[in-house]
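This report refers to the structure that appears directly beneath it.
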Amino acid sequence: MYMNIKINSIHFNADQKLEELIDSKVSKLTKFHDILGAEVFLRLENIGEKENKIAEIKLLVPGGADVFAKKQTESFEKSTDETIEALRRQLIKLKGKTGY
């Protein structure tokens, strides 16, 4: 099943390698639950601080119960990994409740 993944980078331009990494990781979440689409926000904040890279991901799932997670670390890759893990846990919990 093809999922529409929209990646928005705020205050910087995400390179193709980062976008492909995110695309790949978000797509793998379909193993845990049906997903209609995903919206990803990558944000660079507080330039002077080390942990200034934020990944926010919202998943659109059947039944209207959107799933959301947000993590902030020193790299977009790590923020994405932690956000994906949080979403994975939420999807497993949701699948247990809804049976999708």
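By convention in this document, the chains of the structure tokens carry letters A, B, ... by their order, each chain's residues are numbered from 1, and ligands are numbered from 1 in the order they are shown.
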
Query - Nearby residues (only C-alpha atoms) at most 10 Å from Leu18 (chain A), same-chain spacing under 6 positions excluded, as a list in words - result: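 Everything that qualifies: Ser24, Phe76, Glu77 and Thr80 of chain A.
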
Enumerate the residues of chain A with a DSSP assignment of helix (DSSP H, G or I), computed from the backbone, and present them as an mmCIF file with C-alpha atoms, in the first residue's frame.
```
data_model
loop_
_atom_site.group_PDB
_atom_site.id
_atom_site.type_symbol
_atom_site.label_atom_id
_atom_site.label_comp_id
_atom_site.auth_asym_id
_atom_site.auth_seq_id
_atom_site.Cartn_x
_atom_site.Cartn_y
_atom_site.Cartn_z
ATOM 1 C CA GLN A 16 17.746 14.318 -0.282
ATOM 2 C CA LYS A 17 19.575 11.738 1.862
ATOM 3 C CA LEU A 18 17.715 12.872 5.003
ATOM 4 C CA GLU A 19 14.367 12.887 3.196
ATOM 5 C CA GLU A 20 14.978 9.365 1.833
ATOM 6 C CA LEU A 21 15.905 8.136 5.323
ATOM 7 C CA ILE A 22 12.701 9.573 6.800
ATOM 8 C CA ASP A 23 10.613 8.216 3.916
ATOM 9 C CA SER A 24 12.034 4.733 4.454
ATOM 10 C CA LYS A 25 11.540 4.736 8.240
ATOM 11 C CA VAL A 26 8.000 6.133 8.123
ATOM 12 C CA SER A 27 7.011 3.605 5.428
ATOM 13 C CA LYS A 28 8.092 0.725 7.685
ATOM 14 C CA LEU A 29 5.452 1.751 10.245
ATOM 15 C CA THR A 30 2.800 0.182 7.977
ATOM 16 C CA LYS A 31 3.899 -3.190 9.412
ATOM 17 C CA PHE A 76 17.605 15.049 12.687
ATOM 18 C CA GLU A 77 18.428 11.368 12.236
ATOM 19 C CA LYS A 78 18.292 10.698 15.989
ATOM 20 C CA SER A 79 15.175 12.849 16.444
ATOM 21 C CA THR A 80 13.511 10.915 13.617
ATOM 22 C CA ASP A 81 14.531 7.536 15.089
ATOM 23 C CA GLU A 82 13.129 8.442 18.513
ATOM 24 C CA THR A 83 9.927 9.828 16.984
ATOM 25 C CA ILE A 84 9.457 6.689 14.853
ATOM 26 C CA GLU A 85 9.923 4.490 17.939
ATOM 27 C CA ALA A 86 7.302 6.496 19.865
ATOM 28 C CA LEU A 87 4.893 6.182 16.917
ATOM 29 C CA ARG A 88 5.562 2.433 16.662
ATOM 30 C CA ARG A 89 4.536 1.964 20.297
ATOM 31 C CA GLN A 90 1.389 4.079 19.784
ATOM 32 C CA LEU A 91 0.410 2.137 16.646
ATOM 33 C CA ILE A 92 0.784 -1.220 18.413
ATOM 34 C CA LYS A 93 -1.396 0.071 21.268
ATOM 35 C CA LEU A 94 -3.964 1.466 18.809
ATOM 36 C CA LYS A 95 -4.064 -1.784 16.822
ATOM 37 C CA GLY A 96 -4.812 -3.647 20.056
ATOM 38 C CA LYS A 97 -7.757 -1.326 20.735
ATOM 39 C CA THR A 98 -9.248 -1.104 17.240
#
```

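Using only C-alpha atoms for every distance, the candidate list A:Lys50, A:Thr73, A:Lys6, A:Leu59 yields A:Leu59 as the residue closest to His33 (chain A).
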
Requested in this report: Can you pull out every residue within 8 Å of Gln72 (chain A), counting only C-alpha atoms, but drop anything in the same chain fewer than 4 positions away, and send it as a PyMOL selection string?
Outcome: chain A and resi 51-55+79

**Report entry** Who sits within 7 Å of Asn8 (chain A), only C-alpha atoms, same chain under 4 positions skipped, as number ranges by chain
**Finding:** A: 40-42

Backbone-only DSSP, strand (DSSP E or B) members of chain A, as a JSON list (two decimals) with N, CA and C atoms, in the first residue's frame:
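To be explicit, this is the file written out as result.json:
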```json
[["chain", "number", "residue", "atom", "x", "y", "z"],
["A", 4, "ASN", "N", 1.24, 8.41, 1.25],
["A", 4, "ASN", "CA", 1.72, 9.75, 0.93],
["A", 4, "ASN", "C", 2.45, 10.33, 2.15],
["A", 5, "ILE", "N", 3.73, 10.63, 1.97],
["A", 5, "ILE", "CA", 4.53, 11.19, 3.06],
["A", 5, "ILE", "C", 4.96, 12.59, 2.64],
["A", 6, "LYS", "N", 4.55, 13.58, 3.41],
["A", 6, "LYS", "CA", 4.90, 14.98, 3.11],
["A", 6, "LYS", "C", 5.93, 15.44, 4.14],
["A", 7, "ILE", "N", 7.09, 15.88, 3.65],
["A", 7, "ILE", "CA", 8.17, 16.32, 4.54],
["A", 7, "ILE", "C", 8.32, 17.84, 4.42],
["A", 8, "ASN", "N", 8.21, 18.52, 5.57],
["A", 8, "ASN", "CA", 8.38, 19.98, 5.62],
["A", 8, "ASN", "C", 9.61, 20.30, 6.46],
["A", 9, "SER", "N", 10.55, 21.02, 5.88],
["A", 9, "SER", "CA", 11.70, 21.45, 6.69],
["A", 9, "SER", "C", 11.57, 22.94, 6.95],
["A", 10, "ILE", "N", 11.69, 23.32, 8.22],
["A", 10, "ILE", "CA", 11.46, 24.70, 8.65],
["A", 10, "ILE", "C", 12.77, 25.30, 9.14],
["A", 37, "GLY", "N", -1.54, 8.25, 5.47],
["A", 37, "GLY", "CA", -0.58, 9.27, 5.08],
["A", 37, "GLY", "C", 0.22, 9.75, 6.27],
["A", 38, "ALA", "N", 1.25, 10.51, 5.98],
["A", 38, "ALA", "CA", 2.10, 11.03, 7.06],
["A", 38, "ALA", "C", 2.54, 12.44, 6.72],
["A", 39, "GLU", "N", 2.63, 13.26, 7.77],
["A", 39, "GLU", "CA", 3.16, 14.61, 7.61],
["A", 39, "GLU", "C", 4.32, 14.76, 8.60],
["A", 40, "VAL", "N", 5.47, 15.14, 8.06],
["A", 40, "VAL", "CA", 6.69, 15.25, 8.86],
["A", 40, "VAL", "C", 7.13, 16.71, 8.87],
["A", 41, "PHE", "N", 7.44, 17.20, 10.07],
["A", 41, "PHE", "CA", 7.99, 18.55, 10.22],
["A", 41, "PHE", "C", 9.37, 18.43, 10.84],
["A", 42, "LEU", "N", 10.36, 18.95, 10.15],
["A", 42, "LEU", "CA", 11.72, 19.03, 10.68],
["A", 42, "LEU", "C", 11.99, 20.49, 10.98],
["A", 43, "ARG", "N", 12.35, 20.78, 12.22],
["A", 43, "ARG", "CA", 12.51, 22.17, 12.61],
["A", 43, "ARG", "C", 13.85, 22.37, 13.29],
["A", 44, "LEU", "N", 14.51, 23.44, 12.92],
["A", 44, "LEU", "CA", 15.77, 23.85, 13.53],
["A", 44, "LEU", "C", 15.46, 25.03, 14.43],
["A", 53, "LYS", "N", 17.46, 20.14, 17.08],
["A", 53, "LYS", "CA", 16.82, 19.58, 15.90],
["A", 53, "LYS", "C", 15.59, 18.77, 16.31],
["A", 54, "ILE", "N", 14.44, 19.22, 15.81],
["A", 54, "ILE", "CA", 13.15, 18.66, 16.20],
["A", 54, "ILE", "C", 12.53, 17.92, 15.02],
["A", 55, "ALA", "N", 12.03, 16.71, 15.30],
["A", 55, "ALA", "CA", 11.25, 15.96, 14.31],
["A", 55, "ALA", "C", 9.85, 15.75, 14.89],
["A", 56, "GLU", "N", 8.85, 16.14, 14.11],
["A", 56, "GLU", "CA", 7.45, 15.92, 14.48],
["A", 56, "GLU", "C", 6.83, 15.12, 13.35],
["A", 57, "ILE", "N", 6.12, 14.07, 13.72],
["A", 57, "ILE", "CA", 5.47, 13.25, 12.69],
["A", 57, "ILE", "C", 4.03, 13.00, 13.11],
["A", 58, "LYS", "N", 3.12, 13.25, 12.16],
["A", 58, "LYS", "CA", 1.71, 12.97, 12.36],
["A", 58, "LYS", "C", 1.30, 11.92, 11.34],
["A", 59, "LEU", "N", 0.71, 10.82, 11.82],
["A", 59, "LEU", "CA", 0.24, 9.76, 10.93],
["A", 59, "LEU", "C", -1.28, 9.80, 10.86],
["A", 60, "LEU", "N", -1.79, 9.69, 9.64],
["A", 60, "LEU", "CA", -3.24, 9.62, 9.44],
["A", 60, "LEU", "C", -3.61, 8.15, 9.34],
["A", 67, "VAL", "N", -2.17, 9.79, 14.87],
["A", 67, "VAL", "CA", -1.12, 9.47, 15.83],
["A", 67, "VAL", "C", -0.01, 10.50, 15.64],
["A", 68, "PHE", "N", 0.50, 11.04, 16.75],
["A", 68, "PHE", "CA", 1.49, 12.12, 16.68],
["A", 68, "PHE", "C", 2.62, 11.89, 17.68],
["A", 69, "ALA", "N", 3.84, 12.23, 17.26],
["A", 69, "ALA", "CA", 4.97, 12.20, 18.18],
["A", 69, "ALA", "C", 5.96, 13.29, 17.78],
["A", 70, "LYS", "N", 6.73, 13.75, 18.78],
["A", 70, "LYS", "CA", 7.69, 14.84, 18.57],
["A", 70, "LYS", "C", 8.90, 14.59, 19.47],
["A", 71, "LYS", "N", 10.10, 14.66, 18.90],
["A", 71, "LYS", "CA", 11.33, 14.49, 19.68],
["A", 71, "LYS", "C", 12.35, 15.54, 19.27],
["A", 72, "GLN", "N", 13.21, 15.92, 20.23],
["A", 72, "GLN", "CA", 14.23, 16.94, 19.99],
["A", 72, "GLN", "C", 15.58, 16.39, 20.48],
["A", 73, "THR", "N", 16.56, 16.33, 19.56],
["A", 73, "THR", "CA", 17.91, 15.86, 19.91],
["A", 73, "THR", "C", 18.95, 16.69, 19.15]]
```
